[in-house]
Structure formats: C-alpha cells, structure tokens
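Raw contents of start-v2.csv, CSV, C-alpha atoms:
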chain,number,residue,atom,x,y,z
O,1,MET,CA,-1.1,-4.1,30.2
O,2,LEU,CA,-3.5,-2.8,27.6
O,3,ARG,CA,-6.6,-0.9,28.6
O,4,SER,CA,-10.0,-2.1,27.5
O,5,ARG,CA,-10.4,0.3,24.5
O,6,GLU,CA,-6.8,-0.3,23.3
O,7,ARG,CA,-7.4,-4.1,23.7
O,8,ASP,CA,-10.6,-3.8,21.6
O,9,SER,CA,-8.8,-1.8,18.9
O,10,VAL,CA,-5.8,-4.3,18.8
O,11,ASP,CA,-8.2,-7.2,18.5
O,12,ARG,CA,-10.2,-5.5,15.7
O,13,PHE,CA,-7.0,-4.8,13.6
O,14,LEU,CA,-5.6,-8.3,14.3
O,15,ARG,CA,-8.8,-9.6,12.7
O,16,LEU,CA,-9.2,-7.0,10.0
O,17,LEU,CA,-5.7,-7.3,8.6
O,18,SER,CA,-5.3,-11.0,9.5
O,19,ILE,CA,-2.2,-10.2,11.6
O,20,LYS,CA,-0.6,-13.4,12.9
O,21,ALA,CA,0.8,-12.8,16.4
O,22,ALA,CA,1.3,-15.1,19.4
O,23,SER,CA,-0.9,-12.7,21.4
O,24,ARG,CA,-2.1,-9.1,21.4
O,25,GLU,CA,0.8,-8.3,23.7
O,26,SER,CA,3.4,-9.4,21.2
O,27,THR,CA,6.0,-6.8,20.3
O,28,ILE,CA,6.3,-5.8,16.7
O,29,ASP,CA,9.9,-7.1,16.4
O,30,SER,CA,8.7,-10.6,17.2
O,31,LEU,CA,6.5,-10.7,14.1
O,32,SER,CA,7.3,-11.6,10.5
O,33,GLY,CA,8.0,-8.8,8.0
O,34,GLY,CA,4.6,-9.0,6.5
O,35,ASN,CA,2.9,-8.8,9.9
O,36,GLN,CA,5.1,-5.9,10.9
O,37,GLN,CA,4.0,-4.0,7.7
O,38,LYS,CA,0.3,-4.7,8.6
O,39,VAL,CA,0.8,-3.5,12.2
O,40,ILE,CA,2.3,-0.2,10.9
O,41,LEU,CA,-0.7,0.1,8.5
O,42,SER,CA,-3.1,-0.7,11.3
O,43,ARG,CA,-1.6,2.2,13.4
O,44,TRP,CA,-2.4,4.7,10.7
O,45,LEU,CA,-5.9,3.2,10.2
O,46,ALA,CA,-6.6,3.4,13.9
O,47,ALA,CA,-5.6,7.1,13.8
O,48,ARG,CA,-8.3,7.4,11.0
O,49,ALA,CA,-5.7,8.7,8.5
O,50,GLN,CA,-7.5,9.8,5.3
O,51,VAL,CA,-4.3,10.1,3.3
O,52,LEU,CA,-1.5,7.5,3.3
O,53,VAL,CA,1.8,8.0,1.6
O,54,MET,CA,3.3,4.6,1.0
O,55,LEU,CA,6.8,3.7,-0.3
O,56,ASP,CA,7.1,0.1,-1.6
O,57,PRO,CA,4.5,-1.0,1.0
O,58,THR,CA,4.8,-4.7,0.1
O,59,ALA,CA,8.6,-5.0,-0.4
O,60,GLY,CA,9.9,-8.2,1.2
O,61,VAL,CA,6.5,-9.6,2.3
O,62,ASP,CA,5.0,-12.9,1.3
O,63,VAL,CA,2.1,-13.2,-1.1
O,64,GLY,CA,-0.6,-13.6,1.5
O,65,ALA,CA,0.5,-10.4,3.4
O,66,ARG,CA,0.8,-8.6,0.1
O,67,MET,CA,-2.8,-9.5,-0.8
O,68,GLU,CA,-4.0,-8.3,2.6
O,69,ILE,CA,-2.2,-5.0,2.3
O,70,TYR,CA,-3.6,-4.5,-1.2
O,71,ARG,CA,-7.1,-5.2,0.0
O,72,ILE,CA,-6.9,-2.7,2.9
O,73,LEU,CA,-5.4,0.0,0.7
O,74,ARG,CA,-8.1,-0.5,-1.9
O,75,GLU,CA,-10.8,-0.4,0.8
O,76,LEU,CA,-9.4,2.9,2.1
O,77,ALA,CA,-9.3,4.4,-1.4
O,78,ASN,CA,-12.9,3.1,-2.2
O,79,GLY,CA,-14.1,4.7,1.1
O,80,GLY,CA,-12.9,8.1,0.1
O,81,GLY,CA,-9.4,8.1,1.5
O,82,ALA,CA,-6.3,8.8,-0.6
O,83,VAL,CA,-3.3,6.6,-1.1
O,84,LEU,CA,-0.2,8.0,-2.7
O,85,LEU,CA,1.9,5.0,-3.6
O,86,ALA,CA,5.5,5.2,-4.7
O,87,THR,CA,6.5,1.7,-5.9
O,88,SER,CA,9.2,0.0,-7.9
O,89,ASP,CA,6.9,-2.9,-8.6
O,90,MET,CA,5.1,-2.5,-11.9
O,91,ALA,CA,2.5,-5.1,-11.2
O,92,GLU,CA,1.7,-3.4,-7.9
O,93,ALA,CA,1.3,0.0,-9.7
O,94,LEU,CA,-0.8,-1.4,-12.5
O,95,GLY,CA,-3.0,-3.4,-10.1
O,96,LEU,CA,-3.6,-0.8,-7.4
O,97,CYS,CA,-3.3,2.7,-8.8
O,98,ASP,CA,-6.2,4.6,-10.3
O,99,ARG,CA,-3.7,6.9,-11.9
O,100,ILE,CA,0.0,6.4,-12.6
O,101,TYR,CA,2.5,9.3,-12.9
O,102,ALA,CA,5.6,7.9,-14.6
O,103,PHE,CA,8.8,9.8,-14.0
O,104,TYR,CA,12.0,10.0,-16.1
O,105,ARG,CA,15.0,12.0,-14.9
O,106,GLY,CA,13.0,13.8,-12.3
O,107,ARG,CA,10.1,14.9,-14.6
O,108,VAL,CA,6.7,13.6,-15.3
O,109,ALA,CA,7.1,11.6,-18.5
O,110,GLY,CA,3.5,10.3,-18.6
O,111,ILE,CA,0.2,10.2,-16.8
O,112,PHE,CA,-1.8,7.0,-17.1
O,113,PRO,CA,-5.4,6.7,-15.9
O,114,ARG,CA,-6.7,3.2,-15.1
O,115,GLU,CA,-8.9,3.0,-18.2
O,116,GLY,CA,-7.0,2.2,-21.4
O,117,ARG,CA,-3.5,2.1,-19.7
O,118,ARG,CA,-1.0,-0.4,-21.1
O,119,GLU,CA,2.1,-1.6,-19.3
O,120,ALA,CA,4.2,-1.0,-22.4
O,121,ASP,CA,3.3,2.7,-22.4
O,122,VAL,CA,4.2,3.1,-18.7
O,123,LEU,CA,7.5,1.3,-19.4
O,124,ALA,CA,8.2,3.5,-22.3
O,125,ALA,CA,7.6,6.6,-20.1
O,126,ILE,CA,9.9,5.5,-17.3
O,127,THR,CA,12.7,4.6,-19.7
O,128,GLY,CA,12.6,8.0,-21.5
O,129,GLN,CA,11.1,6.6,-24.7
O,130,LEU,CA,7.8,8.5,-24.2
O,131,GLN,CA,7.6,12.1,-23.0
O,132,GLU,CA,4.5,13.8,-21.6
O,133,GLY,CA,2.4,14.9,-24.5
O,134,ASP,CA,3.5,12.2,-26.9
What would you get if you wrote out this structure as structure tokens?
Amino acid sequence: MLRSRERDSVDRFLRLLSIKAASRESTIDSLSGGNQQKVILSRWLAARAQVLVMLDPTAGVDVGARMEIYRILRELANGGGAVLLATSDMAEALGLCDRIYAFYRGRVAGIFPREGRREADVLAAITGQLQEGD
C-alpha cells in the first residue's frame, strides 16, 4: 500500500508522462514497453536528477510514447538539466540534441551544434569520411 506522499507522486507522474496503467498499484512488468520506459524516467525525475545519461531511450517504443519521452527530455534540458544521449537513431539525435559528437573508430570525428548542422555531415563523420577539423 502506498503512503499519501508516494501516492501523490505516482499520480503526478502518471499524468505528467501520460503513463497508461490499470492503476497506480500496477507493477512495471505489467505495462507496455513504452510505459515501462516512462516509469523508469519518472523515477529519475522524482529523484530530481539534474543529469540524465540515456542510451537509446526510445528503442522499441511506439510513436506516442516516443513523443512523450522526447517532450520530457526537452523540458528537463530547457529547465537547466543536462541530458547525455547516446543513440543509434539519427532522427532522434538530430531532433533532440543541442550538440552532436560523432564518433568513428572510438574517436570524435565531428562536433555539430544545432545551428547549421546537416545530416549529411553527421553521416560523413560517423562513416569516417569526415574527420575532426575537416
């Protein structure tokens, strides 16, 4: 049984992240993959984490859950928090990241700020066709 403060926190994150669960008492393993991802994210947000390190945070989740996760990560970053995102999804990197560090063979092959960045340049860097300083 949840205590009052825990119950309030659970209810707030169920609403904030649009988590779909049968009840606040539902176990995480009874939820869909996207809702499981959002519950994990809500735990870090409840802990007031100011830095999140995320590895492919939307892998395997549906479009709706993906958009909710993107929204909450962007809000955290806009509010002064930091999100370090390692992703294999180019669209995710281009859409979310303020700065992209592209790696090739374990070394930084390019750094791309949001302004003026082109997908073709990032792709060239991660495939070894562009090295840092080119």
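Compared by their closest atoms to Ile40 in chain O, and using only C-alpha atoms, the residues O:Asn78, O:Gln129, O:Thr58, O:Ser23 rank with O:Thr58 nearest.
Each of O:Arg99, O:Ser42, O:Asp11, O:Ser30 was compared to Leu76 in chain O using only C-alpha atoms, and O:Ser42 turns out to be the nearest.
A cut-off of 12 Å from the point (-3.3, -12.5, 13.2), with only C-alpha atoms, picks out the residues Val10, Asp11, Arg12, Phe13, Leu14, Arg15, Leu16, Leu17, Ser18, Ile19, Lys20, Ala21, Ala22, Ser23, Arg24, Ser26, Leu31, Ser32, Gly34, Asn35, Gln36, Lys38, Val39, Ser42, Ala65 and Glu68 of chain O.
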Q.
Using all atoms listed in the file, can you tell me which of O:Leu73, O:Val122, O:Ala93, O:Met67 comes closest to Ala49 in chain O?
A. O:Leu73
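Closest approach to Val53 in chain O from the set O:Asp89, O:Val108, O:Ala82, O:Leu130 is made by O:Ala82, with distances taken over all atoms listed in the file.
Between CA of Arg3 in chain O and CA of Gln37 in chain O there is a distance of 23.6 Å.
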Q: Would you work out the distance separating CA of Tyr101 in chain O from CA of Pro57 in chain O, expressed in Å to one decimal?
A: 17.4 Å
Q) Could you name the residues that touch Arg117 in chain O at 10 Å or less, counting only C-alpha atoms, but leaving out those on the same chain fewer than 6 positions away, as a PyMOL selection string? A) chain O and resi 94+99-100+111
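Going from CA of Gly64 in chain O over to CA of Arg118 in chain O, you cover 26.2 Å.
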Export chain O of the preceding structure, keeping C-alpha atoms, as a short mmCIF file (atom, residue, chain, number, x, y, z; two decimals), in the first residue's frame.
data_model
loop_
_atom_site.label_atom_id
_atom_site.label_comp_id
_atom_site.auth_asym_id
_atom_site.auth_seq_id
_atom_site.Cartn_x
_atom_site.Cartn_y
_atom_site.Cartn_z
CA MET O 1 0.00 0.00 0.00
CA LEU O 2 1.36 3.39 -0.97
CA ARG O 3 1.66 6.20 1.54
CA SER O 4 -0.01 9.52 0.80
CA ARG O 5 3.13 11.32 -0.44
CA GLU O 6 4.12 8.37 -2.64
CA ARG O 7 0.58 8.16 -3.99
CA ASP O 8 0.62 11.86 -4.88
CA SER O 9 3.99 11.46 -6.63
CA VAL O 10 2.81 8.40 -8.59
CA ASP O 11 -0.38 10.19 -9.65
CA ARG O 12 1.59 13.27 -10.74
CA PHE O 13 3.97 11.24 -12.94
CA LEU O 14 1.17 9.11 -14.37
CA ARG O 15 -0.37 12.38 -15.58
CA LEU O 16 2.85 14.21 -16.49
CA LEU O 17 4.21 11.40 -18.66
CA SER O 18 0.82 10.06 -19.83
CA ILE O 19 1.64 6.64 -18.40
CA LYS O 20 -1.10 4.13 -19.14
CA ALA O 21 -1.57 1.69 -16.27
CA ALA O 22 -4.57 -0.18 -14.88
CA SER O 23 -3.95 1.53 -11.53
CA ARG O 24 -1.20 3.25 -9.58
CA GLU O 25 -0.59 -0.11 -7.91
CA SER O 26 0.29 -1.80 -11.24
CA THR O 27 3.71 -3.43 -11.41
CA ILE O 28 6.13 -2.23 -14.06
CA ASP O 29 6.26 -5.66 -15.73
CA SER O 30 2.51 -5.43 -16.45
CA LEU O 31 2.99 -2.30 -18.60
CA SER O 32 3.84 -1.92 -22.28
CA GLY O 33 7.47 -1.24 -23.22
CA GLY O 34 6.84 2.46 -23.77
CA ASN O 35 5.11 2.83 -20.43
CA GLN O 36 7.93 0.91 -18.74
CA GLN O 37 10.42 3.39 -20.24
CA LYS O 38 8.33 6.30 -18.96
CA VAL O 39 8.12 4.80 -15.45
CA ILE O 40 11.91 4.47 -15.33
CA LEU O 41 12.24 8.08 -16.50
CA SER O 42 9.72 9.21 -13.88
CA ARG O 43 11.81 7.58 -11.14
CA TRP O 44 14.80 9.72 -12.09
CA LEU O 45 12.64 12.83 -12.37
CA ALA O 46 11.11 12.14 -8.94
CA ALA O 47 14.66 11.92 -7.57
CA ARG O 48 15.19 15.40 -9.07
CA ALA O 49 18.11 14.20 -11.18
CA GLN O 50 19.71 17.13 -12.99
CA VAL O 51 21.83 14.95 -15.29
CA LEU O 52 20.43 12.00 -17.20
CA VAL O 53 22.57 9.62 -19.23
CA MET O 54 20.32 7.88 -21.74
CA LEU O 55 21.17 5.02 -24.11
CA ASP O 56 18.65 4.62 -26.94
CA PRO O 57 15.83 5.87 -24.68
CA THR O 58 13.07 5.23 -27.23
CA ALA O 59 14.21 1.92 -28.70
CA GLY O 60 11.23 -0.38 -29.18
CA VAL O 61 8.55 2.07 -28.06
CA ASP O 62 5.57 3.27 -30.07
CA VAL O 63 5.35 6.71 -31.64
CA GLY O 64 3.15 8.16 -28.89
CA ALA O 65 5.50 7.05 -26.11
CA ARG O 66 8.47 8.30 -28.14
CA MET O 67 6.95 11.77 -28.39
CA GLU O 68 6.22 11.86 -24.64
CA ILE O 69 9.79 10.84 -23.82
CA TYR O 70 11.17 13.48 -26.21
CA ARG O 71 8.94 16.13 -24.63
CA ILE O 72 10.06 15.36 -21.09
CA LEU O 73 13.77 15.23 -22.04
CA ARG O 74 13.48 18.57 -23.83
CA GLU O 75 11.68 20.11 -20.81
CA LEU O 76 14.43 18.86 -18.50
CA ALA O 77 17.13 20.34 -20.76
CA ASN O 78 15.23 23.63 -21.18
CA GLY O 79 14.88 23.82 -17.39
CA GLY O 80 18.65 23.72 -16.89
CA GLY O 81 19.14 19.98 -16.57
CA ALA O 82 21.55 18.02 -18.75
CA VAL O 83 20.76 15.02 -20.92
CA LEU O 84 23.60 12.99 -22.37
CA LEU O 85 22.04 10.93 -25.12
CA ALA O 86 23.76 8.01 -26.85
CA THR O 87 21.55 6.92 -29.70
CA SER O 88 21.71 4.89 -32.87
CA ASP O 89 18.69 6.78 -34.22
CA MET O 90 19.85 9.64 -36.44
CA ALA O 91 16.43 11.36 -36.44
CA GLU O 92 16.41 11.23 -32.64
CA ALA O 93 19.89 12.77 -32.42
CA LEU O 94 19.10 15.49 -34.95
CA GLY O 95 15.77 16.34 -33.32
CA LEU O 96 16.78 16.30 -29.66
CA CYS O 97 20.43 17.19 -29.34
CA ASP O 98 21.78 20.68 -28.94
CA ARG O 99 25.20 19.33 -29.88
CA ILE O 100 26.15 16.06 -31.57
CA TYR O 101 29.51 14.42 -31.06
CA ALA O 102 30.01 11.95 -33.91
CA PHE O 103 32.43 9.10 -33.31
CA TYR O 104 34.35 6.99 -35.76
CA ARG O 105 36.62 4.15 -34.58
CA GLY O 106 36.49 5.37 -30.98
CA ARG O 107 37.48 8.96 -31.71
CA VAL O 108 35.50 12.15 -32.12
CA ALA O 109 35.15 12.63 -35.87
CA GLY O 110 32.97 15.73 -35.71
CA ILE O 111 31.11 18.07 -33.37
CA PHE O 112 27.88 19.52 -34.70
CA PRO O 113 25.98 22.31 -32.91
CA ARG O 114 22.25 22.60 -33.61
CA GLU O 115 22.67 25.69 -35.78
CA GLY O 116 23.74 24.91 -39.34
CA ARG O 117 24.12 21.19 -38.81
CA ARG O 118 23.32 18.90 -41.72
CA GLU O 119 22.50 15.20 -41.54
CA ALA O 120 24.90 14.52 -44.44
CA ASP O 121 27.81 15.98 -42.43
CA VAL O 122 26.98 13.87 -39.37
CA LEU O 123 26.73 10.76 -41.57
CA ALA O 124 30.07 11.57 -43.20
CA ALA O 125 31.67 11.84 -39.75
CA ILE O 126 30.32 8.55 -38.38
CA THR O 127 31.39 6.67 -41.51
CA GLY O 128 34.95 8.05 -41.48
CA GLN O 129 34.53 10.32 -44.48
CA LEU O 130 34.97 13.46 -42.37
CA GLN O 131 37.49 13.81 -39.54
CA GLU O 132 37.50 16.47 -36.80
CA GLY O 133 38.95 19.66 -38.24
CA ASP O 134 37.85 18.98 -41.85
#
